[in-house]
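Note sheet for the following structure.
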Amino acid sequence: MTLVEQHSDTRAYQKFLPADDAVQYLDPAGELTHSDARYPRPSDERLLEMHRMMVLGRRFDQQATALTKQGRLAVYPSSRGQEACQISAAMSLRPSDWMFPTYRDSVAIAARGVDQVQLLSMLAGDWHCGFDPAAHRTAPQCTPLATQLLHAAGLAHGEHRKGNDTIALAFCGDGATSEGDFHEALNFAAVFKAPVVFLVQNNGFAISVPLAKQSVAPSLAHKGVGYGMGSEQVDGNDPVAMLAVMDEAANFVRAGNGPVIVEAHTYRIDAHTNADDATRYRDSAEVDLWLNRDPLDRLQHYLRNKGLLDDASIDALNAEADAAAAELRAGMNTDRPIDPLDLFRHVFAEPTPQLREQQAQIEAELAAESEES
């Protein structure tokens, strides 16, 4: 049952149920598989663009991980293996729509056109998110779990009241579904029919806590049933299925049908962050199982079989990705000027007397140091 069919069905709660099995069009080897889902398959042109963005995203993720080891980033949460989820989400949006990412969604932010050096600014330790959220219609990356979902619901509701066709897409992980903010956001969005797509990237772990210790629901997508909202579950490592479902989800909420929750079954290949030792709570056999479901390999195999990719085109894409990585390295290896007075800017519209006093003290100390040098 597709999202549209859910909406037209009149059987009480059943109209909100996700598919019994995650929507899938490509098997782990990248071969077309029989599917009962009736979501329109994306065009070859969109799948080629998705492949290109996934190649760039994978290389960006590798470079960011290396920059962390070199001390250029304070922390970096890798999204290796989750590229199909993030790229499909970005591709389903219009430039006028809003995206609300988590700390792990850097690849999705890059796909929105945000400069890669700027988007890593916060993870490098800067006090700001590095890019202009209003210009890119992309909120700052959110570290606390699920708080951005409330922001997405509120913005979407406001846009809806204005009569705009703007929608919001909010990312979260399986761990966020255990937070109160998750439930408040879904309830608010459903009651007010706010045009929000909630994308849950279920990668199996909330840091070290496995899904089995968080929820016994048939799927996380089923949580939408209790709020009377459309729901779907999809193979998050199948790029064709991800783009098909995310396209319909965006169209569905834009048409005024209320919010949707999509659960993408995927896996976090690398550790939670560079500060995590994943070998303490999962074994290598599990990781190897998911490495054999790699979303980039699956899409590449499918496109090769259709004659849409060959060695030359793949080499050209890899060269483009390497050039972007080199540009990112150069940008991150340039020390950015630090102004201590930024401590006092953008705190209050009208600074408090205490802040003015502290600022004057710092200005005096900086002036004294300047005279000594």
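FYI, nothing fancy with the structure tokens labels: chains A, B, ... in order, residues from 1 per chain, ligands from 1 as they appear.
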I want to know what sits within 12 Å of Arg336 of chain A, based on only C-alpha atoms, with residues of the same chain fewer than 2 positions away left out; could you give that as a PyMOL selection string?
chain A and resi 72+117-118+121+124-126+130+331-334+338-339
What are the nearest atom pairs, with distances in Å to one decimal, for all residues of segment 179-285 of chain A that come at most 10 Å from segment 91-95 of chain A, using only C-alpha atoms, set out by chain and rising residue number as JSON lines?
```
{"residue": "A:Met242", "atom": "CA", "partner": "A:Ser92", "partner_atom": "CA", "distance": 9.9}
{"residue": "A:Leu243", "atom": "CA", "partner": "A:Ser92", "partner_atom": "CA", "distance": 7.3}
{"residue": "A:Ala244", "atom": "CA", "partner": "A:Ser92", "partner_atom": "CA", "distance": 9.1}
{"residue": "A:Val245", "atom": "CA", "partner": "A:Ser92", "partner_atom": "CA", "distance": 9.3}
{"residue": "A:Met246", "atom": "CA", "partner": "A:Ser92", "partner_atom": "CA", "distance": 5.9}
{"residue": "A:Asp247", "atom": "CA", "partner": "A:Ser92", "partner_atom": "CA", "distance": 5.0}
{"residue": "A:Glu248", "atom": "CA", "partner": "A:Ser92", "partner_atom": "CA", "distance": 8.4}
{"residue": "A:Ala249", "atom": "CA", "partner": "A:Ser92", "partner_atom": "CA", "distance": 8.4}
{"residue": "A:Ala250", "atom": "CA", "partner": "A:Ser92", "partner_atom": "CA", "distance": 6.3}
{"residue": "A:Asn251", "atom": "CA", "partner": "A:Ser92", "partner_atom": "CA", "distance": 8.6}
```
How would you write, as a PDB file with N, CA and C atoms, in the first residue's frame, the set of residues in segment 161-190 of chain A that DSSP gives as helix (DSSP H, G or I)?
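Printed below is states15.pdb as written:
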```
ATOM      1  N   ARG A 161       0.299  27.799   7.529  1.00  0.00           N
ATOM      2  CA  ARG A 161      -0.649  28.869   7.887  1.00  0.00           C
ATOM      3  C   ARG A 161      -0.512  30.068   6.955  1.00  0.00           C
ATOM      4  N   ASP A 174      17.347   6.040  15.214  1.00  0.00           N
ATOM      5  CA  ASP A 174      16.488   5.176  16.024  1.00  0.00           C
ATOM      6  C   ASP A 174      16.512   5.574  17.490  1.00  0.00           C
ATOM      7  N   GLY A 175      17.662   6.045  17.982  1.00  0.00           N
ATOM      8  CA  GLY A 175      17.731   6.459  19.379  1.00  0.00           C
ATOM      9  C   GLY A 175      16.814   7.617  19.702  1.00  0.00           C
ATOM     10  N   ALA A 176      16.616   8.515  18.743  1.00  0.00           N
ATOM     11  CA  ALA A 176      15.766   9.690  18.971  1.00  0.00           C
ATOM     12  C   ALA A 176      14.312   9.309  19.179  1.00  0.00           C
ATOM     13  N   THR A 177      13.894   8.140  18.679  1.00  0.00           N
ATOM     14  CA  THR A 177      12.491   7.749  18.827  1.00  0.00           C
ATOM     15  C   THR A 177      12.151   7.394  20.269  1.00  0.00           C
ATOM     16  N   SER A 178      13.154   7.303  21.134  1.00  0.00           N
ATOM     17  CA  SER A 178      12.923   7.056  22.555  1.00  0.00           C
ATOM     18  C   SER A 178      12.809   8.349  23.350  1.00  0.00           C
ATOM     19  N   GLY A 180      11.192  12.116  24.370  1.00  0.00           N
ATOM     20  CA  GLY A 180       9.889  12.757  24.439  1.00  0.00           C
ATOM     21  C   GLY A 180       9.655  13.743  23.322  1.00  0.00           C
ATOM     22  N   ASP A 181      10.692  14.458  22.901  1.00  0.00           N
ATOM     23  CA  ASP A 181      10.547  15.449  21.826  1.00  0.00           C
ATOM     24  C   ASP A 181      10.071  14.804  20.529  1.00  0.00           C
ATOM     25  N   PHE A 182      10.492  13.555  20.291  1.00  0.00           N
ATOM     26  CA  PHE A 182      10.057  12.838  19.093  1.00  0.00           C
ATOM     27  C   PHE A 182       8.536  12.703  19.084  1.00  0.00           C
ATOM     28  N   HIS A 183       7.975  12.269  20.188  1.00  0.00           N
ATOM     29  CA  HIS A 183       6.532  12.039  20.272  1.00  0.00           C
ATOM     30  C   HIS A 183       5.761  13.353  20.253  1.00  0.00           C
ATOM     31  N   GLU A 184       6.281  14.368  20.900  1.00  0.00           N
ATOM     32  CA  GLU A 184       5.613  15.671  20.881  1.00  0.00           C
ATOM     33  C   GLU A 184       5.580  16.253  19.470  1.00  0.00           C
ATOM     34  N   ALA A 185       6.685  16.088  18.743  1.00  0.00           N
ATOM     35  CA  ALA A 185       6.748  16.618  17.379  1.00  0.00           C
ATOM     36  C   ALA A 185       5.761  15.898  16.469  1.00  0.00           C
ATOM     37  N   LEU A 186       5.701  14.569  16.554  1.00  0.00           N
ATOM     38  CA  LEU A 186       4.775  13.811  15.715  1.00  0.00           C
ATOM     39  C   LEU A 186       3.326  14.157  16.055  1.00  0.00           C
ATOM     40  N   ASN A 187       3.026  14.284  17.342  1.00  0.00           N
ATOM     41  CA  ASN A 187       1.653  14.582  17.736  1.00  0.00           C
ATOM     42  C   ASN A 187       1.240  15.967  17.250  1.00  0.00           C
ATOM     43  N   PHE A 188       2.096  16.958  17.453  1.00  0.00           N
ATOM     44  CA  PHE A 188       1.789  18.325  17.014  1.00  0.00           C
ATOM     45  C   PHE A 188       1.598  18.365  15.498  1.00  0.00           C
ATOM     46  N   ALA A 189       2.536  17.751  14.780  1.00  0.00           N
ATOM     47  CA  ALA A 189       2.464  17.790  13.313  1.00  0.00           C
ATOM     48  C   ALA A 189       1.191  17.116  12.808  1.00  0.00           C
ATOM     49  N   ALA A 190       0.804  15.999  13.431  1.00  0.00           N
ATOM     50  CA  ALA A 190      -0.382  15.287  12.987  1.00  0.00           C
ATOM     51  C   ALA A 190      -1.654  16.074  13.287  1.00  0.00           C
TER      52      ALA A 190
END
```
Do you have the atom CA of Tyr76 of chain A-atom CA of Met122 of chain A distance handy?
10.1 Å
Quick check, in Å to one decimal: how far apart do atom CA of Ile269 of chain A and atom CA of Tyr302 of chain A lie?
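Rounded to one decimal, the two atoms are 21.9 Å apart.
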Coordinates-based distance that separates atom CA of Val55 of chain A from atom CA of Leu73 of chain A (Å, one decimal)
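About the pair atom CA of Leu73 of chain A and atom CA of Val55 of chain A: they are 22.0 Å apart.
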Can you check which residues of segment 131-281 of chain A DSSP gives as strand (DSSP E or B) on the backbone and send them as a PyMOL selection string?
chain A and resi 138+142+168-173+196-202+205-206+209-210+230-235+260-265
A:Arg112, A:Arg41, A:Arg59, A:Lys193: which is nearest Ala319 of chain A, counting only C-alpha atoms?
A:Arg59
So that I can check the surroundings of Leu343 of chain A, please list as JSON, numbers by chain every protein, DNA and RNA residue that reaches within 10 Å of it, counting only C-alpha atoms and ignoring chain neighbours fewer than 5 positions away.
{"A": [127, 355, 358, 359, 362]}
Might you pull out every residue within 6 Å of Ala170 of chain A, with only C-alpha atoms counted and same-chain residues fewer than 6 positions away left off, and present them as an MDAnalysis selection string?
chainID A and resid 100 149 198
Can you spit out the residues from that selection as a PDB file, in the first residue's frame, using C-alpha atoms?
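What ended up in selection13.pdb:
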```pdb
ATOM      1  CA  PHE A 100      16.553  19.805   9.759  1.00  0.00           C
ATOM      2  CA  LEU A 149      11.961  17.600  15.139  1.00  0.00           C
ATOM      3  CA  PHE A 198      10.111  12.611   9.504  1.00  0.00           C
TER       4      PHE A 198
END
```
Surrounding residues of Tyr25 of chain A excluding itself and chain neighbours under 2 positions, 10 Å, only C-alpha atoms, as a PyMOL selection string:
chain A and resi 22-23+27-28+30-37+39+41+234-235+238-242+244
